[in-house]
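For reference, data-v1.cif is printed below; it contains mmCIF, C-alpha atoms.
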```
data_run
loop_
_atom_site.label_atom_id
_atom_site.label_comp_id
_atom_site.auth_asym_id
_atom_site.auth_seq_id
_atom_site.Cartn_x
_atom_site.Cartn_y
_atom_site.Cartn_z
CA MET A 1 25.10 154.75 56.55
CA ARG A 2 23.92 156.18 59.87
CA TYR A 3 20.45 157.68 60.04
CA PRO A 4 20.03 161.01 61.83
CA ILE A 5 17.96 161.21 64.96
CA ASN A 6 14.61 162.94 64.68
CA HIS A 7 15.14 165.85 67.07
CA SER A 8 11.49 165.92 68.13
CA GLY A 9 11.75 162.51 69.81
CA PRO A 10 12.65 161.58 73.41
CA LEU A 11 16.34 161.87 74.29
CA ALA A 12 16.94 163.44 70.89
CA SER A 13 19.36 165.93 72.34
CA GLU A 14 21.23 163.26 74.31
CA VAL A 15 21.72 160.37 71.89
CA THR A 16 24.07 160.45 68.95
CA GLY A 17 26.57 158.12 67.29
CA THR A 18 27.07 154.96 69.31
CA ASP A 19 23.99 155.60 71.48
CA THR A 20 21.85 155.87 68.37
CA SER A 21 23.17 152.55 67.10
CA ARG A 22 22.47 150.91 70.46
CA LEU A 23 18.95 152.27 70.55
CA ALA A 24 18.35 151.04 67.01
CA GLY A 25 19.60 147.59 68.03
CA MET A 26 17.24 147.56 71.00
CA VAL A 27 14.32 148.57 68.80
CA THR A 28 15.27 145.81 66.35
CA LEU A 29 15.09 143.24 69.16
CA LEU A 30 11.73 144.58 70.27
CA MET A 31 10.30 144.52 66.76
CA THR A 32 11.64 141.05 65.93
CA GLY A 33 10.28 139.74 69.22
CA THR A 34 6.89 141.31 68.53
CA LEU A 35 6.54 139.94 64.99
CA ALA A 36 8.40 136.63 65.23
CA GLY A 37 9.42 135.92 68.81
CA PHE A 38 6.51 133.69 69.84
CA LEU A 39 6.63 131.88 66.52
CA ILE A 40 10.32 131.07 67.00
CA VAL A 41 9.72 129.81 70.52
CA SER A 42 6.74 127.77 69.28
CA TYR A 43 9.06 125.00 68.11
CA VAL A 44 10.67 124.49 71.52
CA PRO A 45 7.68 122.87 73.32
CA GLY A 46 7.14 120.42 70.50
CA ALA A 47 10.77 119.35 70.62
CA LEU A 48 10.82 118.98 74.40
CA GLY A 49 7.31 117.55 74.73
CA VAL A 50 6.23 120.04 77.39
CA ASP A 51 3.26 122.35 77.77
CA SER A 52 3.78 125.56 75.84
CA ARG A 53 2.35 127.69 78.63
CA VAL A 54 5.29 126.54 80.75
CA ALA A 55 7.95 126.46 78.05
CA THR A 56 7.26 130.01 76.82
CA VAL A 57 7.26 131.69 80.24
CA PRO A 58 11.03 132.43 80.09
CA PHE A 59 10.57 134.12 76.70
CA ARG A 60 7.63 136.16 77.99
CA GLY A 61 9.71 137.20 80.99
CA LEU A 62 12.68 138.10 78.79
CA MET A 63 10.52 140.24 76.52
CA LEU A 64 8.99 142.00 79.54
CA LEU A 65 12.43 142.79 80.97
CA LEU A 66 13.61 144.05 77.57
CA GLN A 67 10.55 146.27 77.29
CA LEU A 68 11.04 147.70 80.77
CA TYR A 69 14.70 148.38 80.05
CA ALA A 70 13.81 150.02 76.74
CA LEU A 71 11.19 152.14 78.47
CA PHE A 72 13.77 153.27 81.01
CA ARG A 73 16.28 154.12 78.28
CA PHE A 74 13.88 156.03 76.06
CA LEU A 75 11.95 157.90 78.69
CA GLY A 76 14.37 158.75 81.44
CA ALA A 77 13.54 161.44 83.92
CA GLY A 78 11.20 164.07 82.51
CA HIS A 79 10.73 162.50 79.08
CA LEU A 80 7.19 161.20 79.51
CA ARG A 81 4.57 162.33 77.02
CA MET A 82 2.90 165.08 78.99
CA GLY A 83 0.95 166.70 76.17
CA MET A 84 -2.78 166.05 76.14
CA SER A 85 -3.90 165.07 72.65
CA ILE A 86 -6.41 162.70 71.15
CA VAL A 87 -3.60 160.34 70.18
CA SER A 88 -2.46 159.98 73.80
CA VAL A 89 -5.73 160.28 75.73
CA VAL A 90 -7.80 157.77 73.74
CA PRO A 91 -5.50 154.75 74.17
CA VAL A 92 -5.07 155.51 77.88
CA PHE A 93 -8.83 155.62 78.33
CA PHE A 94 -9.46 152.40 76.40
CA TRP A 95 -6.69 150.44 78.11
CA THR A 96 -7.99 151.61 81.49
CA VAL A 97 -11.60 150.53 80.96
CA TYR A 98 -10.59 147.28 79.21
CA SER A 99 -8.20 146.35 82.03
CA LEU A 100 -10.80 147.20 84.66
CA ARG A 101 -13.32 145.00 82.84
CA PHE A 102 -10.96 142.03 83.00
CA ILE A 103 -10.12 142.61 86.68
CA VAL A 104 -13.78 142.94 87.67
CA ASP A 105 -14.85 139.87 85.68
CA ALA A 106 -12.00 137.62 86.83
CA ALA A 107 -11.53 138.74 90.44
CA PHE A 108 -14.90 140.01 91.64
CA LEU A 109 -17.72 138.71 89.46
CA GLN A 110 -15.85 135.43 88.81
CA ILE A 111 -17.39 135.07 85.37
CA PRO A 112 -16.41 131.74 83.74
CA LEU A 113 -13.72 132.34 81.14
CA GLY A 114 -12.87 129.97 78.32
CA THR A 115 -9.18 130.68 78.95
CA ALA A 116 -7.57 130.49 82.40
CA PRO A 117 -7.57 133.95 84.02
CA SER A 118 -3.84 133.63 84.72
CA ASP A 119 -3.12 133.08 81.02
CA MET A 120 -5.30 136.04 80.04
CA ALA A 121 -3.63 138.25 82.66
CA LEU A 122 -0.19 137.17 81.45
CA SER A 123 -1.04 138.03 77.85
CA LEU A 124 -2.76 141.31 78.72
CA PHE A 125 -0.56 142.83 81.42
CA ALA A 126 2.82 141.21 80.73
CA ILE A 127 2.83 141.18 76.92
CA CYS A 128 0.27 143.34 75.09
CA LEU A 129 0.12 146.36 77.41
CA PRO A 130 3.91 146.70 77.85
CA THR A 131 4.42 146.25 74.10
CA PHE A 132 1.95 149.02 73.30
CA LEU A 133 3.33 151.32 76.00
CA VAL A 134 6.98 150.95 75.01
CA LEU A 135 6.58 151.11 71.22
CA TYR A 136 4.23 154.08 71.58
CA GLN A 137 7.02 156.01 73.32
CA ILE A 138 9.57 155.51 70.52
CA ARG A 139 8.95 158.57 68.40
CA ASP A 140 11.94 158.39 66.03
CA ILE A 141 10.83 156.27 63.06
CA GLU A 142 14.45 156.03 61.83
CA LEU A 143 15.23 153.60 64.66
CA TYR A 144 13.02 150.96 63.04
CA ARG A 145 14.95 150.74 59.77
CA LYS A 146 17.28 147.95 60.86
CA ALA A 147 14.33 145.90 62.12
CA LEU A 148 13.05 145.13 58.62
CA PRO A 149 15.76 142.67 57.43
CA TRP A 150 16.15 140.99 60.81
CA SER A 151 12.41 140.45 61.29
CA MET A 152 12.17 139.18 57.72
CA LEU A 153 14.93 136.63 58.24
CA ALA A 154 13.41 135.46 61.53
CA LEU A 155 10.03 134.91 59.89
CA GLY A 156 11.71 133.14 56.98
CA VAL A 157 13.29 130.68 59.40
CA CYS A 158 9.89 130.11 61.04
CA CYS A 159 8.26 129.45 57.68
CA LEU A 160 11.04 127.06 56.73
CA ALA A 161 10.61 125.13 59.97
CA SER A 162 6.85 125.05 59.48
CA MET A 163 7.31 123.67 55.99
CA LEU A 164 8.53 120.45 57.57
CA ARG A 165 5.19 120.16 59.37
CA THR A 166 2.45 121.06 56.92
CA ARG A 167 -0.25 120.44 59.50
CA THR A 168 -0.73 123.01 62.20
CA SER A 169 -3.66 122.90 64.60
CA GLN A 170 -4.27 119.22 63.81
CA ASP A 171 -1.08 118.09 65.55
CA VAL A 172 -0.26 120.67 68.22
CA THR A 173 -2.22 119.01 71.02
CA LEU A 174 -1.70 115.79 72.89
CA HIS A 175 -4.05 114.73 75.70
CA GLY A 176 -5.34 118.27 75.91
CA ARG A 177 -1.87 119.78 76.34
CA TYR A 178 -0.26 121.98 73.74
CA GLN A 179 2.75 120.55 71.99
CA GLY A 180 3.35 123.73 70.04
CA ASN A 181 3.31 127.28 71.28
CA ASP A 182 -0.18 128.35 72.31
CA ILE A 183 -0.31 130.83 69.41
CA LEU A 184 0.84 128.29 66.80
CA ASN A 185 -2.56 127.58 65.30
CA SER A 186 -3.99 127.85 61.82
CA VAL A 187 -4.73 131.56 62.17
CA SER A 188 -1.32 132.56 63.54
CA TYR A 189 0.41 130.24 61.10
CA GLY A 190 -1.36 131.89 58.16
CA HIS A 191 -0.61 135.42 59.33
CA MET A 192 3.00 134.42 59.84
CA GLY A 193 3.10 133.68 56.12
CA VAL A 194 1.45 136.99 55.20
CA THR A 195 3.86 139.01 57.35
CA ALA A 196 6.80 137.10 55.87
CA ILE A 197 5.63 137.99 52.36
CA ILE A 198 5.17 141.66 53.29
CA LEU A 199 8.65 142.06 54.76
CA GLY A 200 10.26 139.94 52.06
CA LEU A 201 8.71 141.97 49.27
CA PHE A 202 9.80 145.28 50.80
CA VAL A 203 13.40 144.05 50.87
CA LEU A 204 13.30 142.33 47.49
CA LEU A 205 11.58 145.15 45.61
CA GLN A 206 13.78 147.78 47.32
CA ILE A 207 10.72 149.90 48.03
CA GLY A 208 11.66 153.47 48.86
CA ARG A 209 14.78 153.23 46.66
CA VAL A 210 16.71 151.52 49.48
CA LYS A 211 19.53 149.42 48.07
CA ARG A 212 19.91 145.95 49.63
CA GLY A 213 22.79 143.49 49.45
CA TRP A 214 22.41 140.47 47.17
CA TYR A 215 22.38 138.10 50.14
CA LEU A 216 19.42 139.95 51.66
CA ARG A 217 17.56 139.89 48.35
CA VAL A 218 18.14 136.13 48.04
CA GLY A 219 16.88 135.64 51.58
CA ALA A 220 13.91 137.86 50.82
CA ALA A 221 13.00 135.81 47.73
CA GLY A 222 13.09 132.62 49.75
CA THR A 223 11.05 134.19 52.55
CA VAL A 224 8.35 135.29 50.11
CA CYS A 225 8.04 131.79 48.63
CA LEU A 226 7.99 130.14 52.07
CA GLY A 227 5.39 132.66 53.23
CA ALA A 228 3.14 131.76 50.31
CA PHE A 229 3.47 128.08 51.27
CA SER A 230 2.54 128.87 54.88
CA ILE A 231 -0.60 130.77 53.90
CA LEU A 232 -1.95 127.83 51.93
CA ALA A 233 -0.81 125.27 54.50
CA ALA A 234 -2.64 127.11 57.28
CA SER A 235 -6.01 127.18 55.45
CA SER A 236 -6.94 130.31 57.40
CA ARG A 237 -9.61 132.57 55.92
CA GLY A 238 -8.50 135.66 57.79
CA ALA A 239 -4.90 135.32 56.67
CA LEU A 240 -5.98 134.69 53.08
CA VAL A 241 -8.22 137.77 53.02
CA ALA A 242 -5.48 139.92 54.60
CA GLY A 243 -2.99 138.71 51.99
CA ILE A 244 -5.37 139.38 49.11
CA LEU A 245 -5.91 142.95 50.34
CA VAL A 246 -2.39 144.05 51.31
CA ILE A 247 -0.10 142.27 48.83
CA PRO A 248 -1.44 144.24 45.80
CA LEU A 249 -0.66 147.43 47.74
CA ILE A 250 2.95 146.29 48.05
CA GLY A 251 3.02 145.57 44.32
CA TYR A 252 1.81 149.11 43.65
CA LEU A 253 4.52 150.54 45.92
CA GLY A 254 7.10 148.35 44.21
CA ILE A 255 6.17 149.66 40.77
CA ARG A 256 5.99 153.29 41.85
CA CYS A 257 8.70 153.48 44.53
CA GLY A 258 10.95 150.48 43.90
CA SER A 259 12.30 148.20 41.19
CA ARG A 260 9.65 147.78 38.50
CA PHE A 261 11.44 144.90 36.79
CA VAL A 262 11.81 142.91 40.01
CA THR A 263 8.19 143.67 40.94
CA VAL A 264 6.84 142.21 37.69
CA ALA A 265 9.22 139.25 37.86
CA MET A 266 8.27 138.52 41.48
CA CYS A 267 4.57 138.58 40.63
CA ILE A 268 5.19 135.89 38.02
CA VAL A 269 7.32 133.79 40.40
CA LEU A 270 4.81 134.17 43.24
CA ALA A 271 1.96 133.08 40.98
CA PHE A 272 3.98 130.00 40.01
CA VAL A 273 4.77 129.18 43.66
CA LEU A 274 1.12 129.51 44.67
CA SER A 275 0.05 127.30 41.77
CA ALA A 276 2.65 124.64 42.54
CA THR A 277 1.84 124.73 46.26
CA ALA A 278 -1.89 124.43 45.57
CA SER A 279 -1.22 121.42 43.36
CA TYR A 280 0.91 119.82 46.05
CA PHE A 281 -1.70 120.32 48.76
CA SER A 282 -4.48 119.02 46.53
CA ARG A 283 -2.57 115.77 46.04
CA ASN A 284 -1.73 115.42 49.73
CA GLY A 285 -5.21 115.98 51.06
CA LEU A 286 -4.86 119.17 53.11
CA LYS A 287 -7.72 121.61 53.47
CA LEU A 288 -7.05 123.58 50.31
CA ASP A 289 -10.60 123.13 49.05
CA ARG A 290 -11.95 124.71 52.22
CA LEU A 291 -9.53 127.61 51.90
CA LEU A 292 -10.30 128.37 48.27
CA ALA A 293 -14.03 127.87 48.76
CA SER A 294 -14.05 130.33 51.64
CA ALA A 295 -12.22 132.86 49.49
CA ALA A 296 -14.87 132.57 46.82
CA ALA A 297 -17.91 132.54 49.08
CA TYR A 298 -17.78 133.65 52.70
CA ASP A 299 -21.10 132.23 53.86
CA THR A 300 -22.58 130.14 56.67
CA SER A 301 -22.21 126.86 54.82
CA SER A 302 -18.98 126.33 56.77
CA ASN A 303 -19.22 125.28 60.41
CA SER A 304 -16.33 127.60 61.29
CA VAL A 305 -17.96 130.58 59.60
CA ASN A 306 -21.31 129.75 61.16
CA THR A 307 -19.78 129.53 64.64
CA ARG A 308 -18.06 132.89 64.28
CA HIS A 309 -21.23 134.45 62.91
CA ASN A 310 -23.18 133.25 65.95
CA MET A 311 -20.53 134.53 68.38
CA ILE A 312 -20.44 137.96 66.77
CA ARG A 313 -24.25 138.13 66.78
CA ASP A 314 -24.47 137.05 70.44
CA ALA A 315 -21.70 139.45 71.46
CA TRP A 316 -23.48 142.37 69.83
CA ARG A 317 -26.72 141.42 71.55
CA GLU A 318 -24.90 141.39 74.89
CA TYR A 319 -23.61 144.87 74.17
CA MET A 320 -27.13 146.04 73.32
CA ASP A 321 -28.35 144.58 76.62
CA HIS A 322 -25.57 146.41 78.53
CA PRO A 323 -24.84 149.48 76.39
CA TRP A 324 -23.15 151.66 79.00
CA LEU A 325 -20.57 149.40 80.65
CA GLY A 326 -20.64 146.34 78.44
CA SER A 327 -21.36 142.76 79.46
CA SER A 328 -18.05 140.93 80.08
CA ILE A 329 -14.56 140.32 78.76
CA VAL A 330 -15.79 137.23 76.85
CA GLU A 331 -18.95 136.32 75.00
CA ARG A 332 -21.18 134.71 77.66
CA ASN A 333 -22.39 131.73 75.62
CA ALA A 334 -19.14 130.57 74.03
CA LEU A 335 -16.99 131.90 76.91
CA ILE A 336 -14.44 133.23 74.43
CA TYR A 337 -13.74 136.40 72.46
CA PRO A 338 -16.18 136.90 69.56
CA HIS A 339 -13.48 136.84 66.83
CA ASN A 340 -14.07 140.46 65.84
CA ALA A 341 -12.04 143.21 67.50
CA MET A 342 -14.59 145.98 67.04
CA VAL A 343 -17.52 143.95 68.37
CA GLU A 344 -15.36 142.70 71.23
CA ALA A 345 -14.46 146.24 72.25
CA PHE A 346 -18.12 147.29 72.48
CA MET A 347 -19.13 144.03 74.19
CA ALA A 348 -16.41 144.32 76.84
CA THR A 349 -16.32 148.06 77.52
CA GLY A 350 -19.69 149.43 76.43
CA THR A 351 -20.43 152.50 74.37
CA PHE A 352 -17.69 154.73 75.74
CA GLY A 353 -14.91 152.16 75.60
CA GLY A 354 -16.05 150.82 72.23
CA SER A 355 -16.22 154.33 70.78
CA ALA A 356 -12.71 155.01 72.10
CA PHE A 357 -11.43 151.86 70.40
CA ALA A 358 -13.16 152.80 67.14
CA LEU A 359 -11.60 156.28 67.31
CA LEU A 360 -8.24 154.67 68.04
CA ILE A 361 -8.53 152.49 64.93
CA LEU A 362 -9.64 155.37 62.71
CA THR A 363 -6.77 157.54 63.93
CA ALA A 364 -4.29 154.73 63.32
CA ILE A 365 -5.64 154.15 59.79
CA TYR A 366 -5.35 157.86 58.98
CA ARG A 367 -1.78 158.05 60.27
CA ALA A 368 -0.84 154.78 58.53
CA MET A 369 -1.97 156.16 55.17
CA ARG A 370 0.08 159.31 55.73
CA PHE A 371 3.11 157.17 56.61
CA ILE A 372 2.82 155.29 53.35
CA ARG A 373 2.66 158.51 51.33
CA ARG A 374 5.49 160.27 53.15
CA ASP A 375 8.05 157.49 53.54
CA PRO A 376 7.56 154.44 51.29
CA ALA A 377 10.74 152.83 52.66
CA MET A 378 9.08 152.58 56.09
CA ALA A 379 5.65 151.70 54.72
CA TRP A 380 6.13 148.08 55.82
CA ILE A 381 5.09 149.14 59.32
CA PRO A 382 1.63 150.55 58.35
CA VAL A 383 1.13 147.68 55.88
CA CYS A 384 1.75 145.18 58.70
CA PHE A 385 -0.71 147.17 60.80
CA PHE A 386 -3.36 146.88 58.09
CA GLN A 387 -2.71 143.13 57.88
CA GLN A 388 -3.13 142.66 61.63
CA LEU A 389 -6.23 144.86 61.69
CA ILE A 390 -7.88 142.82 58.95
CA GLY A 391 -6.97 139.63 60.78
CA ALA A 392 -8.45 140.98 64.02
CA MET A 393 -11.83 141.26 62.31
CA PHE A 394 -11.80 137.49 61.67
CA SER A 395 -10.15 135.98 64.72
CA GLY A 396 -8.15 136.61 67.87
CA GLY A 397 -8.86 138.47 71.09
CA LEU A 398 -7.79 141.96 72.10
CA TYR A 399 -6.08 140.71 75.24
CA GLY A 400 -3.56 138.57 73.33
CA ASN A 401 -3.05 140.17 69.91
CA VAL A 402 0.55 141.34 70.36
CA PRO A 403 1.32 142.16 66.69
CA LEU A 404 -1.81 144.30 66.35
CA TRP A 405 -1.07 146.37 69.45
CA GLY A 406 2.60 146.65 68.55
CA MET A 407 2.02 147.89 65.01
CA MET A 408 -0.75 150.22 66.18
CA ALA A 409 1.53 151.70 68.85
CA ILE A 410 4.21 152.53 66.26
CA VAL A 411 1.72 154.08 63.85
CA LEU A 412 0.18 156.19 66.61
CA GLY A 413 3.34 157.09 68.51
CA ALA A 414 6.05 157.67 65.93
CA ASP A 415 6.47 161.15 64.53
CA LEU A 416 5.32 161.31 60.94
CA PRO A 417 8.36 161.46 58.66
CA ARG A 418 8.98 164.65 56.77
CA LYS A 419 7.68 164.45 53.24
CA ARG A 420 10.55 163.88 50.83
CA PRO A 421 10.55 163.42 47.06
CA LEU A 422 11.28 159.96 45.66
CA LEU A 423 14.64 159.49 44.03
CA PRO A 424 14.86 158.40 40.41
CA ALA A 425 15.02 154.64 40.01
CA ARG A 426 18.76 154.72 39.26
CA GLN A 427 19.62 156.67 42.41
CA LEU A 428 19.34 154.14 45.22
CA SER A 429 20.29 155.07 48.72
CA SER A 430 22.43 152.69 50.72
CA SER A 431 20.97 151.06 53.81
#
```
Hey, can you dump this file as structure tokens for me?
Amino acid sequence: MRYPINHSGPLASEVTGTDTSRLAGMVTLLMTGTLAGFLIVSYVPGALGVDSRVATVPFRGLMLLLQLYALFRFLGAGHLRMGMSIVSVVPVFFWTVYSLRFIVDAAFLQIPLGTAPSDMALSLFAICLPTFLVLYQIRDIELYRKALPWSMLALGVCCLASMLRTRTSQDVTLHGRYQGNDILNSVSYGHMGVTAIILGLFVLLQIGRVKRGWYLRVGAAGTVCLGAFSILAASSRGALVAGILVIPLIGYLGIRCGSRFVTVAMCIVLAFVLSATASYFSRNGLKLDRLLASAAAYDTSSNSVNTRHNMIRDAWREYMDHPWLGSSIVERNALIYPHNAMVEAFMATGTFGGSAFALLILTAIYRAMRFIRRDPAMAWIPVCFFQQLIGAMFSGGLYGNVPLWGMMAIVLGADLPRKRPLLPARQLSSS
């Protein structure tokens, strides 16, 4: 079936029929590229034996061109968001001060950065900022419906490929040069598994009473199992915590707004898969003990936890020493982001920029919760946002966290769906 255009969105009066389908296809490409694009490309450098920062440039350029084209199509002449509201002003202010901080540090103050300034600029200005800007402009939430199965299948393929290489960060470097994509590390690998489970469960459980074909449900079941494998293989604390927090929410939505029988059955199957995977990893000597121990006790007994604790502490001290404008784009001692998005925002941009980022996060959380209540079928978008937000509190830098900025842009920019009553379980709408 074709979904009607939300007439409050850009070009709503000009796009119908074929144009709507084309716009939905473009949005599907953007969403799949945001959630799975870099992960798909991550297997090319390893196969060719070249540096990932060279091998992934064509993909980055392709995504930038696609974003610019999408921006041109959706905005057009006179379709910019001209209204002044907290939702539009706050992100503009934060992006401005954060970008100025990077430019001043890299070009004028020449502060040593743990990552090459060119790589940071490429991630910030060619990937994250365009992604946020374009997805923020797409106000019709209906255009994202087709993106769910395609993104799920793409992530399932990534998880399947990763299953053949159960080690991640231990074997992606050779002589100091990346042999996998520069985001294919334990953290990204783990969150890839969590996102795969989220999307797979939404398709499999038919959340929102959306009927799916049997082939999609089979693919979703496989994606969920492969995602569970990836989470344990990555041994990432942040991904594990995000999974523990968001997956029960999906189970609740499945019982209330989807297929109750499939939800209960999938919980049993997923428990079996996790148990079997844990047994396999225990026999093959991967870092399962570290993963499970960190889930039980997040303390400074781990070198990784201790290092992050010190960086967060030092970053907050630097903010306290420079409360108005912040200290620098990176933590001065470790020369890297402090692995906590909120602390990083205050450290880099000071009180005003940090407060703007905090307000941005609170607004996004409020809107995400309303999305879940009003349209369970599209709740996979706010759930993915919650997953990325939780992960950003454990690792990653603001200048390169594409999934976080992408999901946040959709939650902030899309018009809230009209509240509609849930259909009885036997009345499933066709997708």
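Rounded to one decimal, CA of Met192 in chain A and CA of Leu204 in chain A lie 17.9 Å from each other.
Interatomic distance, CA of Ile268 in chain A to CA of Val224 in chain A: 12.5 Å.
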**Request:** Can you pull out every residue within 9 Å of range 121-137 of chain A, counting only C-alpha atoms, but drop anything in the same chain fewer than 5 positions away, and send it as a PyMOL selection string?
**Result:** chain A and resi 9-10+27+30-31+34+60-61+63-64+67-68+70-71+74-75+80-81+95+99+102-103+116+398-403+405-414
**Item:** Reference answer for the PyMOL selection byres ((chain A and resi 208) around 6), as JSON, numbers by chain
**Value:** {"A": [207, 209, 210, 257, 258, 376, 377]}
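The interatomic distance for the pair CA of Lys146 in chain A and CA of Cys384 in chain A works out to 15.9 Å.
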**Prompt:** Contacts of Ser259 in chain A at 12 Å or less, counting all atoms listed in the file, minus same-chain residues fewer than 3 places along, as a PyMOL selection string?
**Reply:** chain A and resi 201-212+250-256+262-266+423-428
**Request:** Would you translate the PyMOL selection byres ((chain A and resi 143) around 8) into the concrete set of residues it matches in this file, as a ChimeraX atom specification?
**Result:** /A:20,23-24,27-28,140-142,144-146
**Prompt:** Smallest atom-to-atom distance to Phe229 in chain A: which of A:Pro382, A:Gly156, A:Pro338, A:Gly37, using all atoms listed in the file?
**Reply:** A:Gly156
**All residues 10 Å or closer to range 307-311 of chain A, all atoms listed in the file, same chain fewer than 5 positions away omitted, as a ChimeraX atom specification** = /A:299-300,302,316-317,331-340,343,394-395
Could you state which residues are captured by the PyMOL selection byres ((chain A and resi 158) around 10) in this file, as a short mmCIF file (atom, residue, chain, number, x, y, z; two decimals) with C-alpha atoms, in the coordinates of the input?
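Below is the file expr25.cif, written as the result:
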```
data_model
loop_
_atom_site.label_atom_id
_atom_site.label_comp_id
_atom_site.auth_asym_id
_atom_site.auth_seq_id
_atom_site.Cartn_x
_atom_site.Cartn_y
_atom_site.Cartn_z
CA ALA A 36 8.40 136.63 65.23
CA GLY A 37 9.42 135.92 68.81
CA LEU A 39 6.63 131.88 66.52
CA ILE A 40 10.32 131.07 67.00
CA VAL A 41 9.72 129.81 70.52
CA SER A 42 6.74 127.77 69.28
CA TYR A 43 9.06 125.00 68.11
CA MET A 152 12.17 139.18 57.72
CA LEU A 153 14.93 136.63 58.24
CA ALA A 154 13.41 135.46 61.53
CA LEU A 155 10.03 134.91 59.89
CA GLY A 156 11.71 133.14 56.98
CA VAL A 157 13.29 130.68 59.40
CA CYS A 159 8.26 129.45 57.68
CA LEU A 160 11.04 127.06 56.73
CA ALA A 161 10.61 125.13 59.97
CA SER A 162 6.85 125.05 59.48
CA MET A 163 7.31 123.67 55.99
CA TYR A 189 0.41 130.24 61.10
CA MET A 192 3.00 134.42 59.84
CA GLY A 193 3.10 133.68 56.12
CA ALA A 196 6.80 137.10 55.87
CA THR A 223 11.05 134.19 52.55
CA LEU A 226 7.99 130.14 52.07
CA GLY A 227 5.39 132.66 53.23
CA SER A 230 2.54 128.87 54.88
#
```
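Using all atoms listed in the file for every distance, the candidate list A:Asn306, A:Gly190, A:Leu416, A:Ile372 yields A:Leu416 as the residue closest to Ile138 in chain A.
Minimum atom-to-atom distance to Arg367 in chain A, evaluated using only C-alpha atoms, belongs to A:Phe385 out of A:Phe385, A:Phe272, A:Gly391, A:Gly114.
Distance annotation: of A:Leu360, A:Val87, A:Ile198, A:Val269, the residue with the minimal separation from Leu35 in chain A is A:Ile198; atom set is all atoms listed in the file.
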**Residues near Ala228 in chain A, cut-off 8 Å, all atoms listed in the file, skip fewer than 4 positions along chain, as a list of chain:residue names** = A:Gly193, A:Val194, A:Ile197, A:Val224, A:Leu232, A:Leu270, A:Val273, A:Leu274
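Proximity of A:Ser188, A:Leu359, A:Asp415, A:Phe386 to Arg139 in chain A, computed with only C-alpha atoms, is greatest for A:Asp415.
Shortest atom-to-atom contact with Arg101 in chain A among A:Phe371, A:Gly353, A:Ala392, A:Ala379: A:Gly353, counting only C-alpha atoms.
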